[in-house]
Structure formats: C-alpha cells, structure tokens
Amino acid sequence: PPPPPMPATEEELAEMMAYADVPTTTEVGSLLNRAGANLCFVNVIIQMLWGIAAFRDALFAERARHSCGAAEGHCVFCAMAQVFESLSLQVQGQRSPASAEVLQRAVSVLNARFEFGQKQDATEVHEAILTGLDETLSTGLDGEAQTFVRRIFGLRIEERTPCGHCGKAANPIAYSAWAEYVYAAQLMGAVGDDGSRAGGLAEVL
C-alpha cells in the first residue's frame with residue numbers, strides 16, 4: 001500500500017484555500033478533506049460532537065484548566081480542543097476551514113491499529129476517542145467523580161435473558177459502554193409493511 005500522506009503544512013493549507021471556494025456555515029464551520037488524507041471518518045465524528053452543545057461547552061470549559069503532560073501531538077484532548085477552537089473561530093466569522101489531521105494523528109498514537117492516513121471505521125474511532133478523552137481527564141479526579149465525557153456518553157447496560165420455559169430472567173449481565181449497537185434489521189422489523197410503527201424510536205430501541 002502507498003505510504004500515508006504527511007500532514008499538510010501551513011503553506012499547503014493556505015494554497016488550498018487560495019484555489020478552493022469552500023462554503024462555511026455560521027453554525028458548524030467547515031472541515032478540510034484533502035485528497036489522500038482519508039479524513040472522512042474523523043470529520044464525521046467531529047461534526048457529530050460539535051453538534052452536541054453539552055459536549056462542546058464542557059470541552060471549552062475543561063480546556064481552560066487542562067494541564068497536559070503528554071508529548072506534543074499525543075494528547076487526544078488537546079487535539080480535539082484545537083480542532084474545536086478552529087471551528088469556533090469560523091463561527092465567529094473566520095472563513096478558513098479547519099483540519100482534523102491533528103486529531104487523526106493523536107488517535108493513531110492512542111491506538112496503533114488506527115494507522116495515520118488510512119481509512120478507519122468511524123464507530124470504532126469514535127469509541128477510541130471517547131475512551132482516550134475519559135482516561136486523560138480522569139487523571140487527578142477524586143472518588144466517584146466522573147469526567148464530562150462519561151457523564152454525557154457513558155452507558156450502564158444490563159442484559160436480561162428470560163427463560164423460554166418459565167419466563168424468569170437469569171442474573172443480569174451488567175457492563176459499561178459508550179454505545180449500544182442495534183441491527184438495522186431489528187429497526188426495520190419494527191415497521192409494518194404500510195409504514196406504521198409500533199411506537200416511537202425510543203420504544204423501538
């Protein structure tokens with residue numbers, strides 16, 4: 001396979017912007033996706049997280065007091081904060097799109113399986129980012145204190161399997177997770193042939 005692309009320099013970014021008309025929305029901002037950089041999966045995650053006001057506000061509040069001891073380019077939180085700062089500047093009127101390469105590189109340092117510059121599964125990287133943020137921000141917390149990442153995204157799931165004969169459920173299996181996966185076929189099965197649903201999306205899930 002070809003070697004992964006090197007991160008764009010400030011000069012390259014300026015040159016791209018000189019020849020490209022990239023629209024910027026005042027609500028979200030724009031993210032660069034230069035050819036060969038394979039940033040689609042990271043951009044999707046950033047756009048999703050940016051759209052969650054509770055996460056966005058908590059990240060900016062945490063950034064003001066975050067004291068990073070990691071090597072440059074190795075901290076997922078610092079990388080995420082850098083990208084969010086770029087998006088914030090766009091919302092305030094700056095037209096230069098942000099680059100998520102700094103976060104892509106931090107993720108590759110966080111977990112070697114996510115090789116820099118290669119295509120990855122957005123769901124897997126999303127969970128890796130949340131794990132990295134939670135572990136980074138957990139340092140120094142006392143007792144039962146939780147990071148804002150866990151308060152917003154942390155799930156406590158219990159699985160109960162009823163007996164096919166008596167109907168009683170066995171001891172539940174409890175675990176923590178960042179996401180609960182649902183098969184598309186299960187969602188489609190909850191919709192009738194005429195498009196009717198048994199209930200709302202929350203009930204179906």
# chains A, B, ... in the order shown; residues from 1 in each chain; ligands from 1
>>> residues_around(residues="Leu155 in chain A", least_positions_apart="4", cutoff="10 Å", atoms="only C-alpha atoms", output="PyMOL selection string")
chain A and resi 150-151+175-180
>>> write_last_selection(atoms="C-alpha atoms", output="short mmCIF file (atom, residue, chain, number, x, y, z; two decimals), in the first residue's frame")
data_model
loop_
_atom_site.label_atom_id
_atom_site.label_comp_id
_atom_site.auth_asym_id
_atom_site.auth_seq_id
_atom_site.Cartn_x
_atom_site.Cartn_y
_atom_site.Cartn_z
CA ARG A 150 -18.64 9.81 30.83
CA ARG A 151 -21.50 11.97 32.16
CA TYR A 175 -21.40 -3.61 31.80
CA SER A 176 -20.41 -0.09 30.78
CA ALA A 177 -20.23 1.08 27.18
CA TRP A 178 -20.07 4.17 25.01
CA ALA A 179 -22.67 2.88 22.57
CA GLU A 180 -25.37 0.28 22.22
#
>>> select_by_dssp(residues="range 3-191 of chain A", states="helix (DSSP H, G or I)", output="ChimeraX atom specification")
/A:10-19,40-50,53-63,76-91,101-110,122-138,148-153,184-189
>>> select_by_dssp(residues="range 43-186 of chain A", states="strand (DSSP E or B)", output="JSON, numbers by chain")
{"A": [98, 155, 156, 157, 158, 159, 162, 169, 173, 174, 175, 176, 177]}
>>> write_last_selection(atoms="C-alpha atoms", output="mmCIF file, in the first residue's frame")
data_model
loop_
_atom_site.group_PDB
_atom_site.id
_atom_site.type_symbol
_atom_site.label_atom_id
_atom_site.label_comp_id
_atom_site.auth_asym_id
_atom_site.auth_seq_id
_atom_site.Cartn_x
_atom_site.Cartn_y
_atom_site.Cartn_z
ATOM 1 C CA ALA A 98 -10.279 23.532 9.988
ATOM 2 C CA LEU A 155 -23.979 3.932 29.382
ATOM 3 C CA ARG A 156 -24.638 1.372 32.087
ATOM 4 C CA ILE A 157 -26.256 -1.577 30.349
ATOM 5 C CA GLU A 158 -27.914 -4.640 31.846
ATOM 6 C CA GLU A 159 -28.771 -7.611 29.673
ATOM 7 C CA PRO A 162 -35.779 -14.688 30.091
ATOM 8 C CA ALA A 169 -34.822 -13.867 33.845
ATOM 9 C CA ILE A 173 -25.106 -9.177 32.829
ATOM 10 C CA ALA A 174 -24.087 -5.576 33.573
ATOM 11 C CA TYR A 175 -21.396 -3.605 31.797
ATOM 12 C CA SER A 176 -20.411 -0.086 30.782
ATOM 13 C CA ALA A 177 -20.231 1.082 27.185
#
>>> atom_distance(atom1="CA of Thr131 in chain A", atom2="CA of Leu87 in chain A")
22.6 Å
>>> atom_distance(atom1="CA of Arg63 in chain A", atom2="CA of Ala112 in chain A")
25.8 Å
>>> residues_around(residues="Gly69 in chain A", least_positions_apart="3", cutoff="12 Å", atoms="only C-alpha atoms", output="list in words")
His66, Glu72, Gly73, His74, Cys75, Val76, Phe77, Cys78, Thr136, Leu137 and Thr139 of chain A
>>> atom_distance(atom1="CA of Ile46 in chain A", atom2="CA of Ser108 in chain A")
15.9 Å
